[in-house]
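A.B. asks: Before anything else, here's the structure in question.
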Amino acid sequence: MQLLKERILKDGVVKPGNVLKVDSFLNHQMDIDLINEIGKEFRRRFPSEKITKILTIEASGIGIACIAAQYFHVPVVFAKKAQSINIDGEVYHSKVESFTHKRTYDVILSKKFLGPDDHVLIIDDFLANGCALLGLISIVKDAQATIEGAGIVIEKGFQQGGDKIRDLGIHLESLAIISSMTDTSLTFKED
Ligand code: 5GP
């Protein structure tokens, strides 16, 4: 997605540890016009009428998923990072190792909001090593729902997540795939 790539080049900042900061337009301050175009692009890439729910993970995925959902006309449900490890039977749970915070979270989702009849599109801001996405996939599987695909705004293609997800046979669409980044240069994989 050309508009997104141009914005990453203009405003993205590379930090130590392979972290790209895009907090001026995507996941702290949010450029709604841009995210609206991102939502339209997800709809174009996932035209299936079967999708019944968009699933994401707090916090950064929520705003993006909500704007995208306006083009799918389905609810958004988000996995919560649990504060406690006391998990009761009314929730699906999974463990996610955070790439940016270097800690492991229990993530939970109420069983009320995902079940066997659901066809799920997963949306998140970044794909790095794939832990967040794999955690969400495991929740969808626990719910015996169907995964229609995963839409990612920025995939860091030099990390392993993309291969892991594609190897599972999941329809993965990343709107910008970074093939390399250093303090002074950033390149994208061609579409
Ligand atoms: P993964 O679980 O695929 O290793 O990492 C994905 C999650 O970590 C995303 O939900 C995102 O919040 C965060 N993340 C991973 N890499 C980056 C990055 O380079 N920049 C930012 N801002 N977040 C990242």
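Scheme for the structure tokens: letters A, B, ... for chains in order shown; per-chain residue numbers from 1; ligand numbers from 1 in order shown.
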If you count only C-alpha atoms and all ligand atoms, which residues end up within 8 Å of ligand 1, as number ranges by chain?
C.D. replies: A: 14, 18-23, 27, 57, 59-61, 96-100, 124-134, 156, 161
A.B. asks: Mind checking which residues fall within 10 Å of Lys53 of chain A, counting only C-alpha atoms, ignoring those fewer than 6 positions away in the same chain, and posting them as a compact mmCIF listing (two decimals) with N, CA and C atoms, in the first residue's frame?
C.D. replies:
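Wrote result_7.txt, looks like this:
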```txt
# COMPACT_ATOMS: atom_id res chain seq x y z
N ALA A 69 -13.47 -2.22 10.63
CA ALA A 69 -14.76 -2.93 10.77
C ALA A 69 -15.92 -2.18 10.11
N PHE A 72 -16.57 -3.78 6.99
CA PHE A 72 -16.98 -5.18 7.04
C PHE A 72 -18.37 -5.33 7.69
N HIS A 73 -18.77 -4.30 8.44
CA HIS A 73 -20.07 -4.32 9.12
C HIS A 73 -20.22 -5.52 10.03
N VAL A 74 -19.15 -5.81 10.76
CA VAL A 74 -19.17 -6.90 11.75
C VAL A 74 -18.59 -6.36 13.06
N PRO A 75 -18.86 -7.02 14.18
CA PRO A 75 -18.29 -6.54 15.45
C PRO A 75 -16.78 -6.78 15.53
N VAL A 76 -16.15 -5.97 16.36
CA VAL A 76 -14.74 -6.19 16.73
C VAL A 76 -14.72 -6.79 18.12
N VAL A 77 -13.89 -7.82 18.30
CA VAL A 77 -13.67 -8.35 19.64
C VAL A 77 -12.17 -8.37 19.86
N PHE A 113 -18.17 -14.31 23.13
CA PHE A 113 -18.02 -13.49 21.94
C PHE A 113 -17.34 -14.18 20.76
N LEU A 114 -17.07 -15.47 20.89
CA LEU A 114 -16.47 -16.21 19.77
C LEU A 114 -16.89 -17.67 19.89
N ASP A 118 -18.50 -18.69 14.00
CA ASP A 118 -17.81 -17.47 13.56
C ASP A 118 -16.76 -17.72 12.49
N HIS A 119 -16.66 -16.74 11.57
CA HIS A 119 -15.60 -16.70 10.55
C HIS A 119 -14.81 -15.43 10.85
N VAL A 120 -13.55 -15.61 11.19
CA VAL A 120 -12.81 -14.54 11.84
C VAL A 120 -11.71 -13.97 10.95
N LEU A 121 -11.68 -12.64 10.90
CA LEU A 121 -10.54 -11.94 10.32
C LEU A 121 -9.75 -11.34 11.48
N ILE A 122 -8.47 -11.70 11.57
CA ILE A 122 -7.61 -11.16 12.64
C ILE A 122 -6.89 -9.93 12.08
N ILE A 147 -10.84 -19.43 10.64
CA ILE A 147 -9.99 -18.26 10.37
C ILE A 147 -10.10 -17.93 8.88
N GLU A 148 -10.61 -16.73 8.58
CA GLU A 148 -10.71 -16.32 7.18
C GLU A 148 -9.42 -15.66 6.71
```
A.B. asks: Could you give me, as a PyMOL selection string, each residue of segment 18-163 of chain A that DSSP assigns to strand (DSSP E or B) when run on this structure's backbone?
C.D. replies: chain A and resi 19-21+53-57+76-81+91-97+104-110+119-127+146-156
A.B. asks: Keeping only C-alpha atoms, write the selected residues as a compact mmCIF listing (two decimals), in the first residue's frame.
C.D. replies:
```txt
# COMPACT_ATOMS: atom_id res chain seq x y z
CA VAL A 19 11.77 -1.74 16.64
CA LEU A 20 10.09 0.66 14.24
CA LYS A 21 8.29 3.53 15.94
CA LYS A 53 -16.08 -10.98 13.37
CA ILE A 54 -12.82 -9.05 13.49
CA LEU A 55 -10.44 -10.17 16.23
CA THR A 56 -7.51 -8.16 17.54
CA ILE A 57 -5.43 -7.76 20.70
CA VAL A 76 -14.74 -6.19 16.73
CA VAL A 77 -13.67 -8.35 19.64
CA PHE A 78 -10.29 -7.95 21.29
CA ALA A 79 -8.20 -10.27 23.41
CA LYS A 80 -7.38 -8.67 26.74
CA LYS A 81 -4.04 -8.84 28.46
CA VAL A 91 -12.78 -17.40 28.80
CA TYR A 92 -10.45 -18.68 26.11
CA HIS A 93 -6.87 -18.02 27.03
CA SER A 94 -3.48 -18.01 25.44
CA LYS A 95 0.02 -16.82 26.24
CA VAL A 96 1.68 -14.11 24.20
CA GLU A 97 5.27 -13.01 24.51
CA THR A 104 4.75 -12.80 28.58
CA TYR A 105 1.07 -11.97 28.93
CA ASP A 106 -1.92 -14.20 29.52
CA VAL A 107 -4.49 -13.05 27.04
CA ILE A 108 -8.15 -13.83 27.48
CA LEU A 109 -11.34 -13.58 25.48
CA SER A 110 -14.83 -14.24 26.77
CA HIS A 119 -15.60 -16.70 10.55
CA VAL A 120 -12.81 -14.54 11.84
CA LEU A 121 -10.54 -11.94 10.32
CA ILE A 122 -7.61 -11.16 12.64
CA ILE A 123 -6.16 -7.65 12.45
CA ASP A 124 -3.06 -6.24 14.15
CA ASP A 125 -0.65 -3.35 13.72
CA PHE A 126 2.67 -5.25 13.50
CA LEU A 127 3.91 -8.73 12.71
CA THR A 146 -12.93 -20.52 11.16
CA ILE A 147 -9.99 -18.26 10.37
CA GLU A 148 -10.71 -16.32 7.18
CA GLY A 149 -7.38 -14.54 7.26
CA ALA A 150 -5.02 -12.17 9.03
CA GLY A 151 -4.50 -8.54 8.06
CA ILE A 152 -1.38 -6.79 9.29
CA VAL A 153 -0.50 -3.14 8.79
CA ILE A 154 3.30 -3.52 8.98
CA GLU A 155 5.14 -6.83 8.68
CA LYS A 156 8.84 -6.90 9.47
```
A.B. asks: When you draw a straight line from atom CA of Ile32 of chain A to atom CA of Glu173 of chain A, how long is it in Å?
C.D. replies: 20.5 Å
A.B. asks: Considering only C-alpha atoms, return as a list in words whatever protein or nucleic-acid residues lie within 12 Å of Gln2 of chain A, sequence-local ones (same chain, fewer than 6 positions apart) excluded.
C.D. replies: Ile8, Leu9, Leu34, Glu37, Ile38, Glu41, Leu175, Ala176, Ile177, Phe188, Lys189, Glu190 and Asp191 of chain A
A.B. asks: One number please: atom CA of Gly157 of chain A to atom CA of Ser138 of chain A, in Å, one decimal.
C.D. replies: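 For atom CA of Gly157 of chain A relative to atom CA of Ser138 of chain A, the distance reads 22.1 Å.
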A.B. asks: May I ask for the distance between atom CA of Gln159 of chain A and atom CA of Ser174 of chain A, given in Å to one decimal place?
C.D. replies: 13.5 Å
A.B. asks: With only C-alpha atoms as the counted atoms, please give the residues lying no more than 10 Å from Lys15 of chain A, apart from itself and same-chain residues fewer than 6 positions off, as a PyMOL selection string.
C.D. replies: chain A and resi 21+181-183
